[in-house]
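This is my_file_12.csv. It holds CSV, C-alpha atoms.
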```csv
chain,number,residue,atom,x,y,z
A,101,MET,CA,-69.6,66.3,-48.0
A,102,SER,CA,-67.9,64.5,-50.8
A,103,PRO,CA,-68.2,60.7,-51.2
A,104,ILE,CA,-64.6,60.2,-50.1
A,105,VAL,CA,-65.3,61.8,-46.8
A,106,LYS,CA,-68.5,59.8,-46.3
A,107,LYS,CA,-66.7,56.5,-47.1
A,108,VAL,CA,-63.8,57.2,-44.8
A,109,THR,CA,-66.2,58.2,-42.1
A,110,GLN,CA,-68.1,54.9,-42.5
A,111,LEU,CA,-64.9,53.0,-42.2
A,112,VAL,CA,-63.4,54.9,-39.3
A,113,SER,CA,-66.2,55.9,-37.0
A,114,GLY,CA,-66.8,52.4,-35.7
A,115,ILE,CA,-63.2,51.9,-34.9
A,116,ILE,CA,-63.2,55.2,-33.0
A,117,PHE,CA,-66.3,54.1,-31.1
A,118,LEU,CA,-64.7,50.8,-30.1
A,119,TYR,CA,-61.5,52.6,-29.0
A,120,GLY,CA,-63.6,54.8,-26.8
A,121,ILE,CA,-65.2,51.8,-25.2
A,122,TYR,CA,-61.8,50.2,-24.7
A,123,ILE,CA,-60.5,53.4,-23.0
A,124,ILE,CA,-63.5,53.5,-20.6
A,125,LEU,CA,-63.5,49.8,-19.7
A,126,HIS,CA,-59.7,49.7,-19.1
A,127,GLY,CA,-59.8,53.0,-17.2
A,128,HIS,CA,-58.6,51.3,-14.0
A,129,LEU,CA,-55.7,49.5,-15.7
A,130,THR,CA,-54.3,51.8,-18.4
A,131,PRO,CA,-54.1,55.6,-18.8
A,132,GLY,CA,-57.5,57.1,-19.6
A,133,GLY,CA,-60.8,56.6,-18.0
A,134,GLY,CA,-64.3,57.9,-18.1
A,135,PHE,CA,-63.6,61.5,-19.2
A,136,ALA,CA,-61.2,60.6,-22.0
A,137,GLY,CA,-63.2,57.6,-23.3
A,138,GLY,CA,-66.5,59.6,-23.2
A,139,ALA,CA,-64.9,62.4,-25.2
A,140,ILE,CA,-63.7,59.9,-27.8
A,141,LEU,CA,-67.2,58.4,-28.0
A,142,ALA,CA,-68.7,61.8,-28.5
A,143,GLY,CA,-66.1,62.5,-31.2
A,144,SER,CA,-67.2,59.5,-33.2
A,145,PHE,CA,-70.9,60.7,-33.1
A,146,ILE,CA,-69.8,64.2,-34.0
A,147,LEU,CA,-67.8,62.9,-37.0
A,148,LEU,CA,-70.9,61.0,-38.3
A,149,VAL,CA,-73.1,64.1,-38.0
A,150,LEU,CA,-70.5,66.4,-39.6
A,151,ALA,CA,-69.9,64.0,-42.6
A,152,PHE,CA,-73.5,62.9,-43.4
A,153,GLY,CA,-75.6,65.8,-42.0
A,154,SER,CA,-79.2,65.1,-41.2
A,155,ASP,CA,-82.5,66.8,-41.3
A,156,VAL,CA,-83.6,68.8,-38.2
A,157,LEU,CA,-86.4,66.4,-37.2
A,158,ARG,CA,-84.1,63.4,-36.8
A,159,LEU,CA,-81.5,65.5,-35.1
A,160,ARG,CA,-84.1,66.7,-32.6
A,161,THR,CA,-85.1,63.2,-31.6
A,162,LYS,CA,-81.5,62.3,-31.2
A,163,GLU,CA,-80.9,65.4,-29.0
A,164,GLU,CA,-83.8,64.3,-26.8
A,165,GLY,CA,-82.4,60.8,-26.5
A,166,SER,CA,-78.9,62.0,-25.7
A,167,SER,CA,-80.1,64.5,-23.1
A,168,LEU,CA,-82.1,61.8,-21.4
A,169,THR,CA,-79.1,59.5,-21.5
A,170,GLU,CA,-76.9,62.1,-19.9
A,171,SER,CA,-79.4,62.7,-17.1
A,172,LEU,CA,-79.8,59.0,-16.5
A,173,ALA,CA,-76.0,58.5,-16.4
A,174,ILE,CA,-75.4,61.2,-13.8
A,175,LEU,CA,-78.3,59.7,-11.8
A,176,ALA,CA,-76.7,56.3,-11.9
A,177,PHE,CA,-73.4,57.9,-10.7
A,178,VAL,CA,-75.0,59.5,-7.7
A,179,LEU,CA,-77.0,56.3,-6.9
A,180,MET,CA,-73.8,54.2,-7.0
A,181,ALA,CA,-72.1,56.8,-4.7
A,182,THR,CA,-75.0,56.5,-2.2
A,183,MET,CA,-75.4,52.7,-2.6
A,184,ALA,CA,-72.9,52.0,0.2
A,185,MET,CA,-74.9,54.2,2.6
A,186,LEU,CA,-78.0,52.1,1.9
A,187,LEU,CA,-76.0,48.9,2.5
A,188,GLY,CA,-75.0,50.1,5.9
A,189,THR,CA,-71.4,51.4,5.6
A,190,LYS,CA,-72.3,55.0,6.2
A,191,ILE,CA,-69.5,56.4,3.9
A,192,PHE,CA,-70.3,58.4,0.8
A,193,PHE,CA,-68.3,57.0,-2.2
A,194,SER,CA,-67.4,53.8,-0.4
A,195,ASN,CA,-66.0,51.0,-2.4
A,196,PHE,CA,-68.4,48.2,-1.4
A,197,LEU,CA,-67.7,45.6,-4.0
A,198,PRO,CA,-64.8,43.1,-3.6
A,199,LYS,CA,-61.6,44.4,-5.0
A,200,GLY,CA,-60.1,41.3,-6.6
A,201,HIS,CA,-56.5,41.1,-7.8
A,202,ILE,CA,-54.8,44.2,-8.9
A,203,GLY,CA,-54.3,44.3,-12.7
A,204,GLU,CA,-57.2,42.1,-13.8
A,205,LEU,CA,-60.0,43.5,-15.9
A,206,ILE,CA,-62.7,42.8,-13.2
A,207,SER,CA,-61.1,44.3,-10.2
A,208,ALA,CA,-61.1,47.5,-8.1
A,209,GLY,CA,-64.7,47.1,-7.0
A,210,VAL,CA,-67.0,50.0,-8.0
A,211,ILE,CA,-64.4,52.0,-9.9
A,212,PRO,CA,-65.1,50.4,-13.4
A,213,LEU,CA,-68.8,51.1,-12.8
A,214,TYR,CA,-68.1,54.7,-12.0
A,215,ASN,CA,-65.9,54.9,-15.1
A,216,ILE,CA,-68.8,53.6,-17.3
A,217,ALA,CA,-71.3,56.0,-15.8
A,218,VAL,CA,-69.0,59.0,-16.2
A,219,GLY,CA,-68.0,57.9,-19.8
A,220,ILE,CA,-71.7,57.7,-20.9
A,221,GLU,CA,-72.4,61.1,-19.1
A,222,VAL,CA,-69.5,62.9,-20.9
A,223,ALA,CA,-70.2,61.4,-24.3
A,224,ALA,CA,-73.9,62.3,-24.1
A,225,ALA,CA,-73.2,65.8,-22.7
A,226,LEU,CA,-70.7,66.7,-25.5
A,227,PHE,CA,-73.0,65.3,-28.2
A,228,THR,CA,-76.0,67.2,-26.8
A,229,ILE,CA,-74.1,70.5,-26.9
A,230,PHE,CA,-73.0,69.8,-30.5
A,231,LEU,CA,-76.5,68.9,-31.5
A,232,ALA,CA,-78.0,71.9,-29.9
A,233,LEU,CA,-75.6,74.1,-31.8
A,234,VAL,CA,-76.4,72.4,-35.1
A,235,ILE,CA,-80.2,72.6,-34.6
A,236,TYR,CA,-79.9,76.2,-33.6
A,237,LYS,CA,-78.0,77.0,-36.8
A,238,GLU,CA,-80.6,75.1,-39.0
A,239,GLU,CA,-83.5,77.0,-37.3
A,240,ILE,CA,-81.7,80.3,-37.7
A,241,THR,CA,-81.2,79.8,-41.5
A,242,LYS,CA,-84.8,78.8,-42.0
B,202,MET,CA,-36.2,68.5,-19.8
B,203,GLU,CA,-36.8,72.0,-18.4
B,204,ILE,CA,-35.2,73.5,-21.5
B,205,THR,CA,-37.6,71.5,-23.8
B,206,LEU,CA,-40.5,72.6,-21.6
B,207,SER,CA,-39.4,76.3,-21.7
B,208,ILE,CA,-39.1,76.2,-25.5
B,209,LEU,CA,-42.6,74.7,-25.8
B,210,LEU,CA,-44.0,77.3,-23.4
B,211,VAL,CA,-42.5,80.1,-25.4
B,212,PHE,CA,-44.0,78.6,-28.5
B,213,MET,CA,-47.4,78.4,-26.9
B,214,ILE,CA,-47.1,82.1,-25.7
B,215,VAL,CA,-46.2,83.1,-29.3
B,216,GLY,CA,-49.2,81.3,-30.6
B,217,ALA,CA,-51.5,82.9,-28.0
B,218,VAL,CA,-50.2,86.4,-28.7
B,219,TYR,CA,-50.5,85.9,-32.5
B,220,ALA,CA,-54.2,84.9,-32.0
B,221,LEU,CA,-54.8,88.4,-30.7
B,222,PHE,CA,-53.4,90.2,-33.7
B,223,ALA,CA,-54.5,87.9,-36.5
B,224,LYS,CA,-56.5,89.5,-39.3
B,225,ASP,CA,-58.7,86.4,-39.8
B,226,LEU,CA,-60.8,84.6,-37.3
B,227,LEU,CA,-59.8,81.2,-38.7
B,228,SER,CA,-56.0,81.8,-38.4
B,229,ALA,CA,-56.6,83.1,-34.9
B,230,LEU,CA,-58.4,79.9,-34.0
B,231,ILE,CA,-55.7,77.7,-35.5
B,232,SER,CA,-53.0,79.6,-33.5
B,233,CYS,CA,-55.1,79.0,-30.4
B,234,GLY,CA,-54.9,75.3,-31.3
B,235,ILE,CA,-51.1,75.6,-31.0
B,236,VAL,CA,-51.6,76.3,-27.3
B,237,GLY,CA,-53.7,73.2,-26.8
B,238,TYR,CA,-51.5,70.8,-28.7
B,239,GLY,CA,-48.4,72.3,-27.1
B,240,LEU,CA,-50.0,71.6,-23.7
B,241,VAL,CA,-50.5,67.9,-24.8
B,242,ILE,CA,-46.8,67.6,-25.5
B,243,CYS,CA,-46.1,69.3,-22.1
B,244,PHE,CA,-48.3,66.7,-20.3
B,245,LEU,CA,-46.6,63.8,-22.1
B,246,LEU,CA,-43.1,65.2,-21.1
B,247,LEU,CA,-44.3,65.6,-17.5
B,248,LYS,CA,-45.4,61.9,-17.6
B,249,ALA,CA,-49.2,62.5,-17.3
B,250,PRO,CA,-50.7,60.4,-20.1
B,251,ASP,CA,-54.2,60.5,-18.6
B,252,LEU,CA,-54.3,64.3,-18.9
B,253,ALA,CA,-52.7,64.1,-22.3
B,254,ILE,CA,-55.4,61.8,-23.7
B,255,VAL,CA,-58.2,64.0,-22.3
B,256,GLN,CA,-56.5,67.2,-23.5
B,257,ILE,CA,-55.9,66.0,-27.1
B,258,VAL,CA,-59.5,64.7,-27.6
B,259,VAL,CA,-61.2,67.8,-26.0
B,260,GLU,CA,-58.9,70.1,-28.0
B,261,THR,CA,-59.7,68.3,-31.3
B,262,ILE,CA,-63.5,68.4,-30.7
B,263,THR,CA,-63.4,72.0,-29.6
B,264,LEU,CA,-61.4,73.0,-32.6
B,265,VAL,CA,-63.7,71.2,-35.0
B,266,ILE,CA,-66.8,72.8,-33.5
B,267,MET,CA,-65.2,76.3,-33.5
B,268,VAL,CA,-64.1,75.9,-37.1
B,269,ALA,CA,-67.6,74.8,-38.1
B,270,VAL,CA,-69.0,77.8,-36.3
B,271,ILE,CA,-66.5,80.2,-37.9
B,272,LEU,CA,-67.0,78.9,-41.5
B,273,ASP,CA,-70.7,79.5,-41.1
B,274,SER,CA,-70.6,82.9,-39.5
B,275,THR,CA,-69.9,86.2,-41.2
B,276,ARG,CA,-66.2,87.1,-41.4
B,277,LYS,CA,-66.7,90.8,-42.0
B,278,ASP,CA,-66.1,91.9,-38.4
B,279,LEU,CA,-62.4,91.8,-38.5
B,280,LYS,CA,-61.9,93.6,-41.8
B,281,GLU,CA,-62.2,97.0,-40.3
B,282,ASN,CA,-59.0,98.7,-39.1
B,283,ILE,CA,-58.7,98.9,-35.4
B,284,VAL,CA,-58.0,102.5,-34.3
B,285,ILE,CA,-55.1,102.3,-32.0
B,286,ARG,CA,-54.7,106.0,-31.2
B,287,GLU,CA,-56.6,109.2,-31.9
B,288,LYS,CA,-55.3,111.7,-34.4
B,289,GLY,CA,-53.7,114.9,-33.1
B,290,ILE,CA,-52.2,113.4,-30.0
B,291,PRO,CA,-48.4,112.5,-30.1
B,292,PHE,CA,-47.6,108.8,-29.8
B,293,ILE,CA,-45.5,109.2,-26.7
B,294,ASN,CA,-47.5,111.2,-24.2
B,295,ALA,CA,-47.7,111.2,-20.4
B,296,ARG,CA,-50.3,108.5,-20.4
B,297,TYR,CA,-48.1,106.2,-22.5
B,298,VAL,CA,-45.1,106.7,-20.3
B,299,PHE,CA,-47.3,106.1,-17.2
B,300,ASN,CA,-48.7,102.8,-18.6
B,301,VAL,CA,-45.2,101.5,-19.6
B,302,LEU,CA,-43.8,102.4,-16.2
B,303,THR,CA,-46.6,100.7,-14.4
B,304,VAL,CA,-46.1,97.5,-16.4
B,305,VAL,CA,-42.4,97.4,-15.8
B,306,VAL,CA,-42.6,98.2,-12.1
B,307,LEU,CA,-45.3,95.5,-11.5
B,308,THR,CA,-43.4,92.9,-13.6
B,309,LEU,CA,-40.2,93.5,-11.5
B,310,PHE,CA,-42.3,93.4,-8.3
B,311,PHE,CA,-43.9,90.1,-9.1
B,312,LEU,CA,-40.6,88.6,-10.5
B,313,PHE,CA,-38.9,89.4,-7.2
B,314,PHE,CA,-41.5,87.7,-5.1
B,315,PHE,CA,-41.7,84.8,-7.5
B,316,ASN,CA,-38.0,84.3,-7.2
B,317,GLN,CA,-38.3,84.4,-3.4
B,318,ALA,CA,-41.2,81.9,-3.5
B,319,ILE,CA,-39.6,79.3,-5.7
B,320,ASP,CA,-36.3,79.5,-3.8
B,321,ARG,CA,-37.5,77.0,-1.2
B,322,LEU,CA,-39.2,74.6,-3.5
B,323,GLU,CA,-38.0,71.2,-4.6
B,324,PRO,CA,-37.0,70.7,-8.2
B,325,LEU,CA,-39.7,69.9,-10.8
B,326,GLY,CA,-41.4,66.5,-10.2
B,327,GLN,CA,-40.2,66.1,-6.6
B,328,HIS,CA,-43.3,66.0,-4.4
B,329,VAL,CA,-42.9,66.9,-0.8
B,330,THR,CA,-46.5,66.8,0.6
B,331,ARG,CA,-47.5,64.2,3.0
B,332,MET,CA,-50.8,63.3,1.2
B,333,ALA,CA,-49.0,62.6,-2.2
B,334,THR,CA,-46.6,60.2,-0.5
B,335,GLY,CA,-49.5,58.4,1.2
B,336,TYR,CA,-51.4,58.2,-2.1
B,337,ILE,CA,-48.5,56.8,-4.1
B,338,GLU,CA,-47.6,54.2,-1.5
B,339,ASN,CA,-51.1,53.0,-0.5
B,340,ALA,CA,-53.5,53.8,-3.3
B,341,ALA,CA,-53.0,50.5,-5.2
B,342,GLU,CA,-53.7,48.4,-2.2
B,343,LYS,CA,-56.6,50.5,-0.8
B,344,THR,CA,-58.5,50.9,-4.1
B,345,GLY,CA,-57.5,47.8,-6.0
B,346,SER,CA,-57.0,49.9,-9.1
B,347,ALA,CA,-53.7,49.5,-11.1
B,348,ASN,CA,-54.1,53.0,-12.6
B,349,LEU,CA,-53.4,55.2,-9.6
B,350,VAL,CA,-55.0,58.3,-11.2
B,351,THR,CA,-58.3,56.6,-11.7
B,352,GLY,CA,-58.1,55.1,-8.2
B,353,ILE,CA,-57.5,58.5,-6.7
B,354,ILE,CA,-60.2,60.5,-8.6
B,355,PHE,CA,-62.9,57.9,-8.1
B,356,ASP,CA,-62.1,56.8,-4.5
B,357,PHE,CA,-60.2,59.4,-2.4
B,358,ARG,CA,-61.4,62.4,-4.5
B,359,GLY,CA,-64.9,61.2,-5.3
B,360,TYR,CA,-66.5,64.5,-4.4
B,361,ASP,CA,-64.3,66.3,-7.0
B,362,THR,CA,-65.4,63.9,-9.7
B,363,LEU,CA,-69.1,64.3,-8.7
B,364,GLY,CA,-68.6,68.1,-8.9
B,365,GLU,CA,-67.1,67.8,-12.4
B,366,ALA,CA,-69.9,65.7,-13.6
B,367,THR,CA,-72.4,68.1,-12.1
B,368,ILE,CA,-70.6,71.0,-13.9
B,369,LEU,CA,-70.9,69.3,-17.2
B,370,PHE,CA,-74.6,68.5,-16.6
B,371,THR,CA,-75.2,72.2,-15.7
B,372,ALA,CA,-73.4,73.3,-18.8
B,373,VAL,CA,-75.6,71.1,-21.0
B,374,MET,CA,-78.7,72.5,-19.3
B,375,GLY,CA,-77.5,76.1,-19.9
B,376,VAL,CA,-76.8,75.5,-23.6
B,377,LEU,CA,-80.2,73.8,-24.1
B,378,THR,CA,-81.9,76.7,-22.3
B,379,ILE,CA,-80.2,79.4,-24.2
B,380,LEU,CA,-80.3,77.8,-27.7
B,381,ARG,CA,-83.9,76.6,-27.5
B,382,LEU,CA,-85.6,78.8,-30.1
B,383,LYS,CA,-88.8,77.1,-30.6
B,384,GLY,CA,-90.3,77.2,-27.1
B,385,ARG,CA,-89.4,80.9,-26.8
B,386,LYS,CA,-91.1,81.8,-30.0
B,387,GLU,CA,-94.2,79.9,-29.1
B,388,GLN,CA,-94.3,81.6,-25.7
B,389,VAL,CA,-94.0,85.0,-27.3
B,390,ASN,CA,-96.7,84.2,-29.8
B,391,GLY,CA,-99.0,82.8,-27.1
B,392,GLU,CA,-98.9,85.9,-24.9
```
Encoded form (structure tokens):
Amino acid sequence: MSPIVKKVTQLVSGIIFLYGIYIILHGHLTPGGGFAGGAILAGSFILLVLAFGSDVLRLRTKEEGSSLTESLAILAFVLMATMAMLLGTKIFFSNFLPKGHIGELISAGVIPLYNIAVGIEVAAALFTIFLALVIYKEEITK
Amino acid sequence: MEITLSILLVFMIVGAVYALFAKDLLSALISCGIVGYGLVICFLLLKAPDLAIVQIVVETITLVIMVAVILDSTRKDLKENIVIREKGIPFINARYVFNVLTVVVLTLFFLFFFNQAIDRLEPLGQHVTRMATGYIENAAEKTGSANLVTGIIFDFRGYDTLGEATILFTAVMGVLTILRLKGRKEQVNGE
């Protein structure tokens, strides 16, 4: 890509990343949540790969990392859902943490933690699919 | 409100139909984008900002990936003329008349029952179900979440969210399995 695209990507991608984190963390207060924020995070990574490109070896290590991250995130989600059963409530998806005041950042019990897990899962999943397509294309053209 | 929605929906249908008859894959893809972004405006008009954010981001990422795929692929496929009818047979024959009649009769049939069905419904945006009323009145106190949508999908409808996350995980596994070229080649060479 041209130097203009690279420079603008350098300036913008960090801001997109921060915006995705904001959407995830404020998912229980403002519109948005895990899915939307995770897709925005994946968008910032995809923008970087599209603008700068990369050799296949580095992309393959990144793909392994993002695939591992995705699996760990969904594992964390299921563990949080079953955590209440281990604590003795006997309800799947029970909200076992204190709920706090409505409207504050730290409130709503487990819901922000669910949001974070789902956000990481969605971001890693979309990025893994994109990387798989890019690596496939590079291997085909070889 | 409903007039604006109708205009938007007609616009989206025109975009979707144009995508079928476009000569170029790229223009077909961009007219498919009309459908997605029109849907974003529909969600905003129907006061569903959560869905609008998800839809606009996913639509943009999908469009970017598809454009990248199309720019790299061969574009010779659509240059051939599609044969609509065989030579020697008149354009209006018995089969043509039968097809048109079937479509018209089925359309009238479904429109009649659609009209019967929506006759008893409340106007757009007026919920009548018992569960929705309970959710709207009690969700904030029961879950502690100020955003009711997040409170519902992670607390009352937790199984749905788990299912969606599992579907995404399965999709990634499928893509990785299908697109993994190296392992397949090694296996073929090893045998």
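Closest to chain B among A:Gly120, A:Gly203, A:Gly153, A:Pro212 is A:Gly203, based on only C-alpha atoms.
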Near-Leu230 of chain B list (8 Å; only C-alpha atoms; drop same-chain fewer than 6 positions) as a PDB file with C-alpha atoms, in the frame of the given file:
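Now in around_31.pdb:
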```
ATOM      1  CA  ALA B 220     -54.200  84.900 -32.000  1.00  0.00           C
ATOM      2  CA  LEU B 264     -61.400  73.000 -32.600  1.00  0.00           C
ATOM      3  CA  MET B 267     -65.200  76.300 -33.500  1.00  0.00           C
ATOM      4  CA  VAL B 268     -64.100  75.900 -37.100  1.00  0.00           C
TER       5      VAL B 268
END
```
Show me, as a PyMOL selection string, every residue of chain B with an atom at most 7 Å from chain A, counting only C-alpha atoms. chain B and resi 250-251+254-255+258-259+262+344-348+351-352+355-356+359+369-370+373+376-377+380
Write a file of the just-selected residues containing C-alpha atoms, as a compact mmCIF listing (two decimals), in the frame of the given file.
```txt
# COMPACT_ATOMS: atom_id res chain seq x y z
CA PRO B 250 -50.70 60.40 -20.10
CA ASP B 251 -54.20 60.50 -18.60
CA ILE B 254 -55.40 61.80 -23.70
CA VAL B 255 -58.20 64.00 -22.30
CA VAL B 258 -59.50 64.70 -27.60
CA VAL B 259 -61.20 67.80 -26.00
CA ILE B 262 -63.50 68.40 -30.70
CA THR B 344 -58.50 50.90 -4.10
CA GLY B 345 -57.50 47.80 -6.00
CA SER B 346 -57.00 49.90 -9.10
CA ALA B 347 -53.70 49.50 -11.10
CA ASN B 348 -54.10 53.00 -12.60
CA THR B 351 -58.30 56.60 -11.70
CA GLY B 352 -58.10 55.10 -8.20
CA PHE B 355 -62.90 57.90 -8.10
CA ASP B 356 -62.10 56.80 -4.50
CA GLY B 359 -64.90 61.20 -5.30
CA LEU B 369 -70.90 69.30 -17.20
CA PHE B 370 -74.60 68.50 -16.60
CA VAL B 373 -75.60 71.10 -21.00
CA VAL B 376 -76.80 75.50 -23.60
CA LEU B 377 -80.20 73.80 -24.10
CA LEU B 380 -80.30 77.80 -27.70
```
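The gap separating atom CA of Ala318 of chain B from atom CA of Leu210 of chain B is 20.6 Å, in Å to one decimal.
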Distance query Phe152 of chain A at most 10 Å, only C-alpha atoms, self and fewer than 6 positions along chain excluded, as a ChimeraX atom specification: /A:101-103,105-106,109-110
Please measure the separation of atom CA of Val304 of chain B and atom CA of Gly216 of chain B, giving the value in Å to one decimal.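 Atom CA of Gly216 of chain B lies 21.8 Å from atom CA of Val304 of chain B.
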Residues within 12 Å of Val211 of chain B, only C-alpha atoms, excluding chain neighbours under 5 positions, as an NGL selection string: :B and (204-206 or 216-218 or 235-236 or 239-240 or 243)
Atom CA of Tyr297 of chain B to atom CA of Lys224 of chain B: how many Å, to one decimal? 25.1 Å
Given all atoms listed in the file as the basis, pick out the residue of A:Ala176, A:Glu238, A:Ser166, A:Leu148 nearest to Val108 of chain A.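 Looking at the shortest contact to Val108 of chain A, the residue is A:Leu148.
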Using the atoms already present, construct N, CA and C atoms for segment 161-182 of chain A and hand them back as a PDB file, keeping the file's coordinate frame.
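Output contents, as saved in out.pdb:
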```pdb
ATOM      1  N   THR A 161     -84.883  64.439 -32.409  1.00  0.00           N
ATOM      2  CA  THR A 161     -85.100  63.200 -31.600  1.00  0.00           C
ATOM      3  C   THR A 161     -83.846  62.682 -31.006  1.00  0.00           C
ATOM      4  N   LYS A 162     -82.742  62.779 -31.793  1.00  0.00           N
ATOM      5  CA  LYS A 162     -81.500  62.300 -31.200  1.00  0.00           C
ATOM      6  C   LYS A 162     -81.053  63.171 -30.049  1.00  0.00           C
ATOM      7  N   GLU A 163     -81.332  64.475 -30.135  1.00  0.00           N
ATOM      8  CA  GLU A 163     -80.900  65.400 -29.000  1.00  0.00           C
ATOM      9  C   GLU A 163     -81.733  65.022 -27.775  1.00  0.00           C
ATOM     10  N   GLU A 164     -83.044  64.735 -27.956  1.00  0.00           N
ATOM     11  CA  GLU A 164     -83.800  64.300 -26.800  1.00  0.00           C
ATOM     12  C   GLU A 164     -83.262  63.080 -26.154  1.00  0.00           C
ATOM     13  N   GLY A 165     -82.915  62.098 -27.031  1.00  0.00           N
ATOM     14  CA  GLY A 165     -82.400  60.800 -26.500  1.00  0.00           C
ATOM     15  C   GLY A 165     -81.072  61.040 -25.776  1.00  0.00           C
ATOM     16  N   SER A 166     -80.164  61.833 -26.345  1.00  0.00           N
ATOM     17  CA  SER A 166     -78.900  62.000 -25.700  1.00  0.00           C
ATOM     18  C   SER A 166     -78.984  62.801 -24.410  1.00  0.00           C
ATOM     19  N   SER A 167     -79.917  63.761 -24.387  1.00  0.00           N
ATOM     20  CA  SER A 167     -80.100  64.500 -23.100  1.00  0.00           C
ATOM     21  C   SER A 167     -80.643  63.606 -22.038  1.00  0.00           C
ATOM     22  N   LEU A 168     -81.580  62.726 -22.421  1.00  0.00           N
ATOM     23  CA  LEU A 168     -82.100  61.800 -21.400  1.00  0.00           C
ATOM     24  C   LEU A 168     -81.031  60.825 -20.946  1.00  0.00           C
ATOM     25  N   THR A 169     -80.182  60.355 -21.898  1.00  0.00           N
ATOM     26  CA  THR A 169     -79.100  59.500 -21.500  1.00  0.00           C
ATOM     27  C   THR A 169     -78.142  60.107 -20.530  1.00  0.00           C
ATOM     28  N   GLU A 170     -77.852  61.385 -20.790  1.00  0.00           N
ATOM     29  CA  GLU A 170     -76.900  62.100 -19.900  1.00  0.00           C
ATOM     30  C   GLU A 170     -77.502  62.209 -18.502  1.00  0.00           C
ATOM     31  N   SER A 171     -78.792  62.563 -18.410  1.00  0.00           N
ATOM     32  CA  SER A 171     -79.400  62.700 -17.100  1.00  0.00           C
ATOM     33  C   SER A 171     -79.406  61.354 -16.353  1.00  0.00           C
ATOM     34  N   LEU A 172     -79.727  60.267 -17.101  1.00  0.00           N
ATOM     35  CA  LEU A 172     -79.800  59.000 -16.500  1.00  0.00           C
ATOM     36  C   LEU A 172     -78.379  58.530 -15.989  1.00  0.00           C
ATOM     37  N   ALA A 173     -77.340  58.887 -16.778  1.00  0.00           N
ATOM     38  CA  ALA A 173     -76.000  58.500 -16.400  1.00  0.00           C
ATOM     39  C   ALA A 173     -75.543  59.161 -15.121  1.00  0.00           C
ATOM     40  N   ILE A 174     -75.837  60.470 -15.010  1.00  0.00           N
ATOM     41  CA  ILE A 174     -75.400  61.200 -13.800  1.00  0.00           C
ATOM     42  C   ILE A 174     -76.227  60.679 -12.596  1.00  0.00           C
ATOM     43  N   LEU A 175     -77.484  60.308 -12.858  1.00  0.00           N
ATOM     44  CA  LEU A 175     -78.300  59.700 -11.800  1.00  0.00           C
ATOM     45  C   LEU A 175     -77.722  58.416 -11.305  1.00  0.00           C
ATOM     46  N   ALA A 176     -77.271  57.583 -12.269  1.00  0.00           N
ATOM     47  CA  ALA A 176     -76.700  56.300 -11.900  1.00  0.00           C
ATOM     48  C   ALA A 176     -75.390  56.522 -11.097  1.00  0.00           C
ATOM     49  N   PHE A 177     -74.620  57.566 -11.463  1.00  0.00           N
ATOM     50  CA  PHE A 177     -73.400  57.900 -10.700  1.00  0.00           C
ATOM     51  C   PHE A 177     -73.689  58.209  -9.272  1.00  0.00           C
ATOM     52  N   VAL A 178     -74.682  59.086  -9.072  1.00  0.00           N
ATOM     53  CA  VAL A 178     -75.000  59.500  -7.700  1.00  0.00           C
ATOM     54  C   VAL A 178     -75.595  58.294  -6.935  1.00  0.00           C
ATOM     55  N   LEU A 179     -76.397  57.454  -7.615  1.00  0.00           N
ATOM     56  CA  LEU A 179     -77.000  56.300  -6.900  1.00  0.00           C
ATOM     57  C   LEU A 179     -75.882  55.324  -6.496  1.00  0.00           C
ATOM     58  N   MET A 180     -74.867  55.131  -7.380  1.00  0.00           N
ATOM     59  CA  MET A 180     -73.800  54.200  -7.000  1.00  0.00           C
ATOM     60  C   MET A 180     -72.986  54.801  -5.821  1.00  0.00           C
ATOM     61  N   ALA A 181     -72.871  56.163  -5.782  1.00  0.00           N
ATOM     62  CA  ALA A 181     -72.100  56.800  -4.700  1.00  0.00           C
ATOM     63  C   ALA A 181     -72.886  56.587  -3.359  1.00  0.00           C
ATOM     64  N   THR A 182     -74.236  56.629  -3.413  1.00  0.00           N
ATOM     65  CA  THR A 182     -75.000  56.500  -2.200  1.00  0.00           C
ATOM     66  C   THR A 182     -75.362  55.072  -1.848  1.00  0.00           C
TER      67      THR A 182
END
```
